[in-house]
$ cat final17.pdb   # PDB, C-alpha atoms and all ligand atoms
ATOM      1  CA  MET A   1     -63.543 -33.919 -12.088
ATOM      2  CA  SER A   2     -60.404 -34.366  -9.988
ATOM      3  CA  VAL A   3     -59.032 -31.439  -8.058
ATOM      4  CA  PRO A   4     -55.611 -31.359  -6.419
ATOM      5  CA  PRO A   5     -55.597 -30.642  -2.686
ATOM      6  CA  ALA A   6     -55.477 -27.045  -1.517
ATOM      7  CA  GLY A   7     -52.053 -25.603  -0.928
ATOM      8  CA  ARG A   8     -50.431 -22.255  -0.481
ATOM      9  CA  ALA A   9     -48.336 -22.523  -3.643
ATOM     10  CA  PRO A  10     -45.186 -23.388  -1.676
ATOM     11  CA  GLU A  11     -43.110 -23.365  -4.861
ATOM     12  CA  ILE A  12     -43.526 -19.596  -5.147
ATOM     13  CA  PRO A  13     -41.220 -17.410  -3.041
ATOM     14  CA  ALA A  14     -43.133 -15.380  -0.464
ATOM     15  CA  ASP A  15     -41.881 -12.048  -1.813
ATOM     16  CA  ARG A  16     -43.561 -12.473  -5.205
ATOM     17  CA  LEU A  17     -46.226  -9.932  -6.196
ATOM     18  CA  LEU A  18     -48.992 -10.786  -8.631
ATOM     19  CA  VAL A  19     -49.958  -7.723 -10.653
ATOM     20  CA  THR A  20     -53.219  -8.091 -12.540
ATOM     21  CA  VAL A  21     -54.160  -5.491 -15.104
ATOM     22  CA  ALA A  22     -57.810  -4.657 -15.797
ATOM     23  CA  PRO A  23     -57.369  -2.401 -18.817
ATOM     24  CA  THR A  24     -60.880  -1.629 -20.074
ATOM     25  CA  GLY A  25     -63.895  -2.458 -17.903
ATOM     26  CA  ALA A  26     -67.458  -1.906 -19.017
ATOM     27  CA  GLU A  27     -68.271   1.476 -17.548
ATOM     28  CA  THR A  28     -66.089   4.096 -19.239
ATOM     29  CA  THR A  29     -67.008   5.219 -22.750
ATOM     30  CA  LYS A  30     -64.533   5.622 -25.575
ATOM     31  CA  GLN A  31     -65.875   9.140 -26.114
ATOM     32  CA  ASP A  32     -65.009  10.092 -22.538
ATOM     33  CA  CYS A  33     -61.642   8.361 -22.659
ATOM     34  CA  PRO A  34     -60.212   7.862 -26.171
ATOM     35  CA  GLN A  35     -57.075   6.200 -24.762
ATOM     36  CA  LEU A  36     -59.159   3.347 -23.265
ATOM     37  CA  PRO A  37     -58.220   0.122 -25.122
ATOM     38  CA  THR A  38     -61.482  -0.982 -26.724
ATOM     39  CA  THR A  39     -60.477  -2.599 -30.029
ATOM     40  CA  LEU A  40     -58.760  -5.979 -30.221
ATOM     41  CA  GLU A  41     -55.601  -4.347 -31.585
ATOM     42  CA  GLU A  42     -55.527  -1.829 -28.746
ATOM     43  CA  LEU A  43     -56.177  -4.538 -26.180
ATOM     44  CA  VAL A  44     -53.389  -6.784 -27.453
ATOM     45  CA  ALA A  45     -50.916  -3.885 -27.626
ATOM     46  CA  THR A  46     -51.880  -2.929 -24.075
ATOM     47  CA  ALA A  47     -51.448  -6.504 -22.895
ATOM     48  CA  VAL A  48     -47.984  -6.764 -24.434
ATOM     49  CA  GLU A  49     -46.922  -3.490 -22.841
ATOM     50  CA  CYS A  50     -48.370  -4.410 -19.439
ATOM     51  CA  GLU A  51     -46.685  -7.823 -19.449
ATOM     52  CA  ALA A  52     -43.344  -6.101 -20.158
ATOM     53  CA  ALA A  53     -44.077  -3.730 -17.254
ATOM     54  CA  GLY A  54     -44.650  -6.602 -14.801
ATOM     55  CA  ALA A  55     -48.255  -7.746 -15.071
ATOM     56  CA  ALA A  56     -48.876 -11.507 -15.031
ATOM     57  CA  MET A  57     -52.656 -11.657 -15.435
ATOM     58  CA  ILE A  58     -55.153  -9.664 -17.491
ATOM     59  CA  HIS A  59     -58.824  -9.189 -16.556
ATOM     60  CA  VAL A  60     -60.663  -8.699 -19.819
ATOM     61  CA  HIS A  61     -63.859  -6.913 -20.836
ATOM     62  CA  ILE A  62     -64.378  -6.463 -24.555
ATOM     63  CA  ARG A  63     -66.231  -3.970 -26.730
ATOM     64  CA  ASP A  64     -68.093  -4.117 -30.046
ATOM     65  CA  ASP A  65     -67.435  -2.054 -33.188
ATOM     66  CA  GLU A  66     -69.186   0.902 -31.539
ATOM     67  CA  HIS A  67     -66.893   0.507 -28.502
ATOM     68  CA  LYS A  68     -69.860  -0.632 -26.403
ATOM     69  CA  PRO A  69     -69.498  -3.524 -23.910
ATOM     70  CA  THR A  70     -70.329  -6.920 -25.422
ATOM     71  CA  LEU A  71     -70.230 -10.585 -24.423
ATOM     72  CA  ASP A  72     -70.277 -11.773 -28.027
ATOM     73  CA  LEU A  73     -68.846 -15.289 -27.897
ATOM     74  CA  GLY A  74     -67.013 -15.072 -31.221
ATOM     75  CA  ARG A  75     -65.240 -11.908 -30.128
ATOM     76  CA  LEU A  76     -64.449 -13.313 -26.691
ATOM     77  CA  THR A  77     -62.937 -16.445 -28.234
ATOM     78  CA  ALA A  78     -60.892 -14.412 -30.717
ATOM     79  CA  THR A  79     -59.706 -12.198 -27.875
ATOM     80  CA  VAL A  80     -58.520 -15.146 -25.782
ATOM     81  CA  GLU A  81     -56.690 -16.549 -28.815
ATOM     82  CA  ALA A  82     -55.088 -13.209 -29.704
ATOM     83  CA  LEU A  83     -53.901 -12.612 -26.149
ATOM     84  CA  ARG A  84     -52.442 -16.128 -25.980
ATOM     85  CA  GLU A  85     -50.669 -15.596 -29.304
ATOM     86  CA  SER A  86     -48.998 -12.336 -28.278
ATOM     87  CA  THR A  87     -48.472 -12.740 -24.520
ATOM     88  CA  SER A  88     -48.052 -15.386 -21.855
ATOM     89  CA  LEU A  89     -50.386 -13.557 -19.482
ATOM     90  CA  VAL A  90     -53.004 -15.527 -17.574
ATOM     91  CA  VAL A  91     -56.181 -14.612 -19.454
ATOM     92  CA  GLN A  92     -59.140 -13.929 -17.204
ATOM     93  CA  LEU A  93     -62.468 -13.109 -18.813
ATOM     94  CA  SER A  94     -64.982 -11.055 -16.906
ATOM     95  CA  THR A  95     -68.242 -12.847 -16.252
ATOM     96  CA  GLY A  96     -69.498  -9.655 -14.641
ATOM     97  CA  GLY A  97     -69.796  -7.911 -17.975
ATOM     98  CA  SER A  98     -71.782  -4.720 -17.702
ATOM     99  CA  VAL A  99     -74.695  -4.157 -15.319
ATOM    100  CA  HIS A 100     -77.016  -4.573 -18.339
ATOM    101  CA  ASP A 101     -75.866  -8.059 -19.386
ATOM    102  CA  PRO A 102     -78.375 -10.889 -18.796
ATOM    103  CA  LEU A 103     -77.223 -13.676 -16.490
ATOM    104  CA  GLU A 104     -77.472 -16.348 -19.211
ATOM    105  CA  ASN A 105     -75.037 -14.435 -21.446
ATOM    106  CA  ARG A 106     -72.628 -14.120 -18.545
ATOM    107  CA  LEU A 107     -72.639 -17.916 -18.062
ATOM    108  CA  LYS A 108     -71.745 -18.387 -21.745
ATOM    109  CA  VAL A 109     -68.473 -16.497 -21.274
ATOM    110  CA  LEU A 110     -66.877 -19.772 -20.174
ATOM    111  CA  ASP A 111     -67.457 -21.163 -23.680
ATOM    112  CA  ALA A 112     -64.547 -18.954 -24.789
ATOM    113  CA  GLN A 113     -62.252 -21.192 -22.695
ATOM    114  CA  PRO A 114     -60.255 -18.619 -20.750
ATOM    115  CA  ASP A 115     -57.676 -19.637 -18.131
ATOM    116  CA  SER A 116     -59.635 -17.825 -15.469
ATOM    117  CA  CYS A 117     -62.938 -16.046 -14.979
ATOM    118  CA  SER A 118     -64.131 -13.470 -12.522
ATOM    119  CA  LEU A 119     -66.930 -14.641 -10.235
ATOM    120  CA  THR A 120     -68.644 -12.073  -8.053
ATOM    121  CA  MET A 121     -69.983 -13.401  -4.782
ATOM    122  CA  GLY A 122     -73.187 -11.406  -4.514
ATOM    123  CA  THR A 123     -75.418  -8.615  -5.713
ATOM    124  CA  THR A 124     -74.059  -5.113  -5.207
ATOM    125  CA  ASN A 125     -75.466  -1.652  -5.655
ATOM    126  CA  PHE A 126     -73.164  -0.229  -8.297
ATOM    127  CA  GLY A 127     -73.446   3.542  -8.336
ATOM    128  CA  ASP A 128     -76.988   4.175  -9.549
ATOM    129  CA  ASP A 129     -77.224   0.651 -10.998
ATOM    130  CA  VAL A 130     -77.394  -2.863  -9.586
ATOM    131  CA  PHE A 131     -74.733  -5.469 -10.352
ATOM    132  CA  SER A 132     -76.858  -8.589 -10.126
ATOM    133  CA  ASN A 133     -75.364 -11.813  -8.772
ATOM    134  CA  PRO A 134     -78.148 -13.855  -7.150
ATOM    135  CA  TRP A 135     -77.011 -16.891  -5.158
ATOM    136  CA  PRO A 136     -78.363 -19.496  -7.650
ATOM    137  CA  PHE A 137     -76.416 -17.750 -10.432
ATOM    138  CA  VAL A 138     -73.230 -17.726  -8.336
ATOM    139  CA  CYS A 139     -73.656 -21.470  -7.680
ATOM    140  CA  GLU A 140     -74.314 -22.257 -11.343
ATOM    141  CA  LEU A 141     -71.351 -20.236 -12.572
ATOM    142  CA  TYR A 142     -69.079 -21.814  -9.972
ATOM    143  CA  GLN A 143     -70.067 -25.368 -10.876
ATOM    144  CA  LEU A 144     -69.654 -24.546 -14.555
ATOM    145  CA  SER A 145     -66.130 -23.260 -13.880
ATOM    146  CA  GLN A 146     -65.326 -26.541 -12.097
ATOM    147  CA  GLU A 147     -66.679 -28.592 -15.003
ATOM    148  CA  ARG A 148     -64.908 -26.544 -17.667
ATOM    149  CA  GLY A 149     -61.550 -26.355 -15.898
ATOM    150  CA  VAL A 150     -61.593 -22.565 -15.562
ATOM    151  CA  VAL A 151     -60.015 -21.063 -12.447
ATOM    152  CA  PRO A 152     -62.305 -18.512 -10.809
ATOM    153  CA  GLU A 153     -61.158 -15.297  -9.240
ATOM    154  CA  PHE A 154     -63.736 -14.506  -6.578
ATOM    155  CA  GLU A 155     -64.603 -10.803  -6.678
ATOM    156  CA  LEU A 156     -65.552  -9.539  -3.233
ATOM    157  CA  PHE A 157     -67.275  -6.157  -3.152
ATOM    158  CA  ASP A 158     -68.321  -6.264   0.495
ATOM    159  CA  LEU A 159     -67.883  -8.177   3.708
ATOM    160  CA  GLY A 160     -71.059 -10.207   3.192
ATOM    161  CA  GLN A 161     -69.540 -11.551  -0.018
ATOM    162  CA  VAL A 162     -66.449 -12.650   1.899
ATOM    163  CA  HIS A 163     -68.716 -14.811   4.046
ATOM    164  CA  ALA A 164     -70.645 -16.015   1.009
ATOM    165  CA  LEU A 165     -67.362 -17.388  -0.364
ATOM    166  CA  GLN A 166     -67.083 -19.678   2.673
ATOM    167  CA  ARG A 167     -70.651 -20.837   2.062
ATOM    168  CA  LEU A 168     -69.882 -21.582  -1.593
ATOM    169  CA  LEU A 169     -66.721 -23.555  -0.792
ATOM    170  CA  ASP A 170     -68.544 -25.504   1.935
ATOM    171  CA  LYS A 171     -71.274 -26.439  -0.537
ATOM    172  CA  PHE A 172     -69.300 -27.190  -3.690
ATOM    173  CA  GLY A 173     -65.693 -27.757  -2.654
ATOM    174  CA  LEU A 174     -62.543 -26.231  -4.056
ATOM    175  CA  PRO A 175     -62.208 -24.585  -7.473
ATOM    176  CA  TYR A 176     -60.621 -26.315 -10.421
ATOM    177  CA  GLY A 177     -56.883 -26.339  -9.726
ATOM    178  CA  GLY A 178     -57.339 -26.580  -5.969
ATOM    179  CA  ARG A 179     -56.342 -22.998  -5.174
ATOM    180  CA  VAL A 180     -58.637 -20.233  -3.991
ATOM    181  CA  HIS A 181     -57.781 -16.780  -5.304
ATOM    182  CA  CYS A 182     -59.894 -13.738  -4.612
ATOM    183  CA  ASP A 183     -59.854 -10.040  -5.309
ATOM    184  CA  LEU A 184     -61.199  -7.367  -2.984
ATOM    185  CA  VAL A 185     -62.909  -4.719  -5.101
ATOM    186  CA  MET A 186     -63.127  -1.694  -2.871
ATOM    187  CA  GLY A 187     -64.570   1.775  -3.202
ATOM    188  CA  VAL A 188     -67.498   0.982  -5.528
ATOM    189  CA  PRO A 189     -70.397   3.256  -4.485
ATOM    190  CA  GLY A 190     -72.605   0.574  -2.921
ATOM    191  CA  GLY A 191     -69.809  -1.770  -1.826
ATOM    192  CA  MET A 192     -67.243  -1.657   0.966
ATOM    193  CA  ASN A 193     -65.250   1.534   1.064
ATOM    194  CA  GLY A 194     -61.677   1.721  -0.132
ATOM    195  CA  THR A 195     -59.805   2.196   3.116
ATOM    196  CA  ALA A 196     -57.087   0.375   5.010
ATOM    197  CA  ASP A 197     -59.576  -0.348   7.810
ATOM    198  CA  SER A 198     -62.012  -2.059   5.453
ATOM    199  CA  LEU A 199     -59.233  -4.028   3.824
ATOM    200  CA  VAL A 200     -57.962  -5.285   7.169
ATOM    201  CA  ALA A 201     -61.497  -6.344   8.166
ATOM    202  CA  ALA A 202     -62.058  -8.151   4.877
ATOM    203  CA  VAL A 203     -58.694  -9.936   4.955
ATOM    204  CA  ALA A 204     -59.313 -11.033   8.549
ATOM    205  CA  SER A 205     -62.575 -12.665   7.418
ATOM    206  CA  LEU A 206     -61.226 -14.535   4.394
ATOM    207  CA  PRO A 207     -61.907 -18.283   4.550
ATOM    208  CA  ASP A 208     -58.945 -20.440   5.592
ATOM    209  CA  ALA A 209     -59.057 -22.079   2.160
ATOM    210  CA  VAL A 210     -58.017 -18.840   0.448
ATOM    211  CA  THR A 211     -54.508 -19.314  -0.932
ATOM    212  CA  SER A 212     -54.005 -15.847  -2.438
ATOM    213  CA  TRP A 213     -55.771 -12.525  -2.649
ATOM    214  CA  SER A 214     -55.393  -9.215  -4.393
ATOM    215  CA  ALA A 215     -57.111  -5.886  -3.932
ATOM    216  CA  THR A 216     -58.116  -2.964  -6.091
ATOM    217  CA  GLY A 217     -59.417   0.424  -5.043
ATOM    218  CA  ILE A 218     -61.758   2.254  -7.369
ATOM    219  CA  GLY A 219     -61.018   5.868  -8.252
ATOM    220  CA  ARG A 220     -59.458   7.927  -5.508
ATOM    221  CA  SER A 221     -59.168   4.922  -3.195
ATOM    222  CA  THR A 222     -56.652   3.236  -5.487
ATOM    223  CA  LEU A 223     -53.471   4.202  -3.618
ATOM    224  CA  ALA A 224     -54.866   3.692  -0.114
ATOM    225  CA  VAL A 225     -56.021   0.202  -1.085
ATOM    226  CA  ALA A 226     -52.777  -0.696  -2.881
ATOM    227  CA  LEU A 227     -50.631   0.403   0.064
ATOM    228  CA  ALA A 228     -52.868  -1.411   2.555
ATOM    229  CA  ALA A 229     -52.808  -4.563   0.398
ATOM    230  CA  LEU A 230     -49.011  -4.520   0.262
ATOM    231  CA  SER A 231     -48.874  -3.978   4.027
ATOM    232  CA  LYS A 232     -50.984  -7.094   4.516
ATOM    233  CA  GLY A 233     -48.970  -9.170   2.046
ATOM    234  CA  GLY A 234     -51.590  -9.179  -0.700
ATOM    235  CA  HIS A 235     -51.388  -8.829  -4.457
ATOM    236  CA  LEU A 236     -52.502  -5.929  -6.644
ATOM    237  CA  ARG A 237     -54.998  -5.357  -9.428
ATOM    238  CA  VAL A 238     -54.678  -2.091 -11.305
ATOM    239  CA  GLY A 239     -55.941  -0.669 -14.588
ATOM    240  CA  MET A 240     -58.242   1.757 -16.326
ATOM    241  CA  GLU A 241     -61.275  -0.339 -15.440
ATOM    242  CA  ASP A 242     -60.773   0.945 -11.905
ATOM    243  CA  VAL A 243     -59.070   4.337 -12.123
ATOM    244  CA  LEU A 244     -58.583   6.929 -14.849
ATOM    245  CA  THR A 245     -56.230   9.394 -13.191
ATOM    246  CA  LEU A 246     -52.693   9.090 -11.850
ATOM    247  CA  ARG A 247     -53.378  11.952  -9.495
ATOM    248  CA  ARG A 248     -55.939  14.731  -9.410
ATOM    249  CA  GLY A 249     -56.155  16.239 -12.905
ATOM    250  CA  VAL A 250     -53.587  13.886 -14.473
ATOM    251  CA  PRO A 251     -55.268  11.325 -16.741
ATOM    252  CA  VAL A 252     -53.893   7.843 -17.237
ATOM    253  CA  GLU A 253     -52.641   7.672 -20.826
ATOM    254  CA  ARG A 254     -51.629   4.000 -20.877
ATOM    255  CA  ASN A 255     -52.521   1.100 -18.599
ATOM    256  CA  ALA A 256     -48.825   0.312 -18.351
ATOM    257  CA  GLN A 257     -48.376   3.471 -16.275
ATOM    258  CA  LEU A 258     -50.576   1.914 -13.602
ATOM    259  CA  VAL A 259     -48.717  -1.396 -13.811
ATOM    260  CA  GLU A 260     -45.389   0.437 -13.533
ATOM    261  CA  ARG A 261     -46.658   2.259 -10.463
ATOM    262  CA  ALA A 262     -47.851  -0.993  -8.867
ATOM    263  CA  VAL A 263     -44.452  -2.564  -9.521
ATOM    264  CA  ALA A 264     -42.715   0.487  -8.014
ATOM    265  CA  LEU A 265     -44.908   0.344  -4.899
ATOM    266  CA  GLY A 266     -44.155  -3.362  -4.679
ATOM    267  CA  GLU A 267     -40.429  -2.709  -4.912
ATOM    268  CA  LEU A 268     -40.679  -0.311  -1.965
ATOM    269  CA  ALA A 269     -42.348  -3.125  -0.046
ATOM    270  CA  GLN A 270     -39.570  -5.501  -1.186
ATOM    271  CA  ARG A 271     -41.859  -7.473  -3.445
ATOM    272  CA  VAL A 272     -40.822  -8.855  -6.817
ATOM    273  CA  PRO A 273     -43.301  -8.968  -9.721
ATOM    274  CA  MET A 274     -44.428 -12.527 -10.316
ATOM    275  CA  THR A 275     -43.691 -14.135 -13.659
ATOM    276  CA  THR A 276     -46.576 -15.500 -15.654
ATOM    277  CA  ALA A 277     -45.334 -19.035 -14.891
ATOM    278  CA  GLU A 278     -45.423 -18.265 -11.172
ATOM    279  CA  ALA A 279     -48.903 -16.800 -11.543
ATOM    280  CA  ARG A 280     -50.054 -20.029 -13.184
ATOM    281  CA  ALA A 281     -48.642 -22.038 -10.283
ATOM    282  CA  LEU A 282     -50.250 -19.659  -7.794
ATOM    283  CA  LEU A 283     -53.653 -20.187  -9.371
ATOM    284  CA  GLY A 284     -53.317 -23.929  -9.880
ATOM    285  CA  LEU A 285     -53.183 -23.625 -13.675
ATOM    286  CA  ALA A 286     -51.092 -25.978 -15.805
ATOM    287  CA  ALA A 287     -47.769 -24.473 -16.869
TER
HETATM  288  N1  LIG B   1     -68.598  -4.148 -14.776
HETATM  289  C1  LIG B   1     -69.121  -4.479 -13.484
HETATM  290  C2  LIG B   1     -70.606  -4.388 -13.489
HETATM  291  C3  LIG B   1     -66.298  -8.380 -13.201
HETATM  292  O1  LIG B   1     -65.622  -8.044 -14.153
HETATM  293  O2  LIG B   1     -66.524  -9.547 -12.933
HETATM  294  C4  LIG B   1     -68.716  -5.827 -13.041
HETATM  295  C5  LIG B   1     -67.303  -6.133 -13.059
HETATM  296  C6  LIG B   1     -66.886  -7.338 -12.314
HETATM  297  O3  LIG B   1     -66.473  -5.489 -13.693
HETATM  298 ZN    ZN B   2     -64.327  -6.329 -14.477
END
$ encode --input "final17.pdb" --output "structure tokens"
Amino acid sequence: MSVPPAGRAPEIPADRLLVTVAPTGAETTKQDCPQLPTTLEELVATAVECEAAGAAMIHVHIRDDEHKPTLDLGRLTATVEALRESTSLVVQLSTGGSVHDPLENRLKVLDAQPDSCSLTMGTTNFGDDVFSNPWPFVCELYQLSQERGVVPEFELFDLGQVHALQRLLDKFGLPYGGRVHCDLVMGVPGGMNGTADSLVAAVASLPDAVTSWSATGIGRSTLAVALAALSKGGHLRVGMEDVLTLRRGVPVERNAQLVERAVALGELAQRVPMTTAEARALLGLAA
């Protein structure tokens, strides 16, 4: 495997803002939230709308015919193909799945050949559940991503995971593509809280090799985290995986509303939504 040297994507203007949409997740049920995109048709329509609104990457969890989370390889592969057919978004498959997915099924996600995959840097209490990411699994998934030419997005749920990222890079070198992109997932009950103070602490601890980072705040922390991320020059992840209301008592009806809001916040901070081509360059993906 040959990996280009690390760089800070100098070809991308510094004011560009990567907006990633995470439209579905694995936690919310269709019964509780009928507008959640759970079928392939709904997902593709959402992706098209979110790309038009300014998103450049999509973080994908899929559902089965009963709208339950699944890592079925045939469905994952069809989803990647359908998203590529209808959009130019960077397609990132979740390897986190749901808290109930066995580790071996999560490794197989890479067989669907996405552009990118999420890669969580450690085990986290996740509400009343445990999101399991033992170190040997993290190492195996990372090496698999290097072999398969899939660009990881390192998901960091707490400060310990920020330090674990340094350990991983020291042990196994840079990701495929030579860039290091991570996402701070804040406000999960069990992880770091979704505040500006926590974000500043996490960003200050990021390894030098990190070339880009985004942040997302779960639930009520979404705006505090987005504003803090913009203040620190970071990128944004938004979507119904992470938040289901626009404000107290006002449900999100379409993921694009959250993308539009992220773009509007970015405009206030004099940031310009990144094109999908720029996002590919940022992540070290081929054009
Ligand atoms: N659904 C969570 C247990 C990821 O996508 O990689 C894990 C998660 C992270 O959403
Ligand atoms: Zn996810």
$ residues_near_ligand --input "final17.pdb" --ligand "ligand ZN 2 (chain B)" --cutoff "7 Å" --atoms "all atoms listed in the file" --output "list in words"
Ala22, Gly25, His59, Val60, His61, Ser94, Gly96, Gly97 and Glu241 of chain A
$ residues_near_ligand --input "final17.pdb" --ligand "ligand LIG 1 (chain B)" --cutoff "10 Å" --atoms "only C-alpha atoms and all ligand atoms" --output "compact mmCIF listing (two decimals) with C-alpha atoms, in the frame of the given file"
# COMPACT_ATOMS: atom_id res chain seq x y z
CA ALA A 22 -57.81 -4.66 -15.80
CA THR A 24 -60.88 -1.63 -20.07
CA GLY A 25 -63.90 -2.46 -17.90
CA ALA A 26 -67.46 -1.91 -19.02
CA GLU A 27 -68.27 1.48 -17.55
CA THR A 28 -66.09 4.10 -19.24
CA HIS A 59 -58.82 -9.19 -16.56
CA VAL A 60 -60.66 -8.70 -19.82
CA HIS A 61 -63.86 -6.91 -20.84
CA PRO A 69 -69.50 -3.52 -23.91
CA GLN A 92 -59.14 -13.93 -17.20
CA LEU A 93 -62.47 -13.11 -18.81
CA SER A 94 -64.98 -11.06 -16.91
CA THR A 95 -68.24 -12.85 -16.25
CA GLY A 96 -69.50 -9.65 -14.64
CA GLY A 97 -69.80 -7.91 -17.98
CA SER A 98 -71.78 -4.72 -17.70
CA VAL A 99 -74.69 -4.16 -15.32
CA HIS A 100 -77.02 -4.57 -18.34
CA ASP A 101 -75.87 -8.06 -19.39
CA ARG A 106 -72.63 -14.12 -18.55
CA CYS A 117 -62.94 -16.05 -14.98
CA SER A 118 -64.13 -13.47 -12.52
CA LEU A 119 -66.93 -14.64 -10.24
CA THR A 120 -68.64 -12.07 -8.05
CA MET A 121 -69.98 -13.40 -4.78
CA THR A 124 -74.06 -5.11 -5.21
CA ASN A 125 -75.47 -1.65 -5.66
CA PHE A 126 -73.16 -0.23 -8.30
CA GLY A 127 -73.45 3.54 -8.34
CA ASP A 129 -77.22 0.65 -11.00
CA VAL A 130 -77.39 -2.86 -9.59
CA PHE A 131 -74.73 -5.47 -10.35
CA SER A 132 -76.86 -8.59 -10.13
CA ASN A 133 -75.36 -11.81 -8.77
CA GLU A 153 -61.16 -15.30 -9.24
CA PHE A 154 -63.74 -14.51 -6.58
CA GLU A 155 -64.60 -10.80 -6.68
CA LEU A 156 -65.55 -9.54 -3.23
CA PHE A 157 -67.28 -6.16 -3.15
CA VAL A 185 -62.91 -4.72 -5.10
CA VAL A 188 -67.50 0.98 -5.53
CA GLU A 241 -61.28 -0.34 -15.44
CA ASP A 242 -60.77 0.94 -11.90
$ resolve_selection --input "final17.pdb" --expression "the PyMOL selection byres (((chain A and resi 199) around 12) and not hetatm)" --output "count of residues only"
41
$ resolve_selection --input "final17.pdb" --expression "the PyMOL selection byres (((chain A and resi 109) around 9) and not hetatm)" --output "ChimeraX atom specification"
/A:71-73,76-77,93-95,105-108,110-114,117
$ closest_residue --input "final17.pdb" --among "A:Asp64, A:Glu253, A:Glu49, A:Asp15" --to "Ser86 of chain A" --atoms "only C-alpha atoms"
A:Glu49
$ residues_around --input "final17.pdb" --residues "Val263 of chain A" --least-positions-apart "6" --cutoff "8 Å" --atoms "all atoms listed in the file" --output "ChimeraX atom specification"
/A:19,53-54,272-273
$ axis_aligned_box --input "final17.pdb" --around "segment 138-150 of chain A" --padding-each-side "3 Å" --output "lines of an AutoDock Vina configuration file"
center_x = -67.9
center_y = -23.2
center_z = -12.7
size_x = 18.8
size_y = 16.9
size_z = 16.0
$ closest_residue --input "final17.pdb" --among "A:Ala14, A:Leu83, A:Leu89, A:Ala78" --to "Val44 of chain A" --atoms "all atoms listed in the file"
A:Leu83
$ resolve_selection --input "final17.pdb" --expression "the PyMOL selection byres (((chain A and resi 55) around 10) and not hetatm)" --output "VMD selection string"
chain A and resid 17 to 21 47 to 54 56 to 58 89 to 90 236 to 238 256 259 to 260 262 to 263 273 to 276 279
$ build_atoms --input "final17.pdb" --residues "segment 29-33 of chain A" --atoms "all heavy atoms" --output "short mmCIF file (atom, residue, chain, number, x, y, z; two decimals), in the coordinates of the input"
data_model
loop_
_atom_site.label_atom_id
_atom_site.label_comp_id
_atom_site.auth_asym_id
_atom_site.auth_seq_id
_atom_site.Cartn_x
_atom_site.Cartn_y
_atom_site.Cartn_z
N THR A 29 -66.77 5.19 -21.30
CA THR A 29 -67.01 5.22 -22.75
C THR A 29 -65.74 5.66 -23.48
O THR A 29 -64.90 6.37 -22.92
CB THR A 29 -68.15 6.20 -23.12
OG1 THR A 29 -67.72 7.53 -22.81
CG2 THR A 29 -69.42 5.87 -22.37
N LYS A 30 -65.67 5.23 -24.73
CA LYS A 30 -64.53 5.62 -25.58
C LYS A 30 -64.55 7.14 -25.80
O LYS A 30 -63.50 7.77 -25.88
CB LYS A 30 -64.63 4.87 -26.90
CG LYS A 30 -63.43 5.03 -27.81
CD LYS A 30 -62.25 4.20 -27.34
CE LYS A 30 -61.19 4.07 -28.44
NZ LYS A 30 -59.97 3.39 -27.93
N GLN A 31 -65.77 7.69 -25.91
CA GLN A 31 -65.88 9.14 -26.11
C GLN A 31 -65.27 9.90 -24.94
O GLN A 31 -64.56 10.88 -25.11
CB GLN A 31 -67.35 9.58 -26.26
CG GLN A 31 -68.02 9.13 -27.55
CD GLN A 31 -68.73 7.79 -27.37
OE1 GLN A 31 -68.20 6.87 -26.72
NE2 GLN A 31 -69.91 7.66 -27.94
N ASP A 32 -65.54 9.41 -23.72
CA ASP A 32 -65.01 10.09 -22.54
C ASP A 32 -63.52 9.86 -22.37
O ASP A 32 -62.82 10.64 -21.73
CB ASP A 32 -65.73 9.59 -21.26
CG ASP A 32 -67.13 10.15 -21.16
OD1 ASP A 32 -67.44 11.11 -21.90
OD2 ASP A 32 -67.93 9.61 -20.38
N CYS A 33 -63.03 8.76 -22.92
CA CYS A 33 -61.64 8.36 -22.66
C CYS A 33 -61.08 7.67 -23.91
O CYS A 33 -61.05 6.44 -23.98
CB CYS A 33 -61.62 7.42 -21.44
SG CYS A 33 -59.98 6.96 -20.92
#
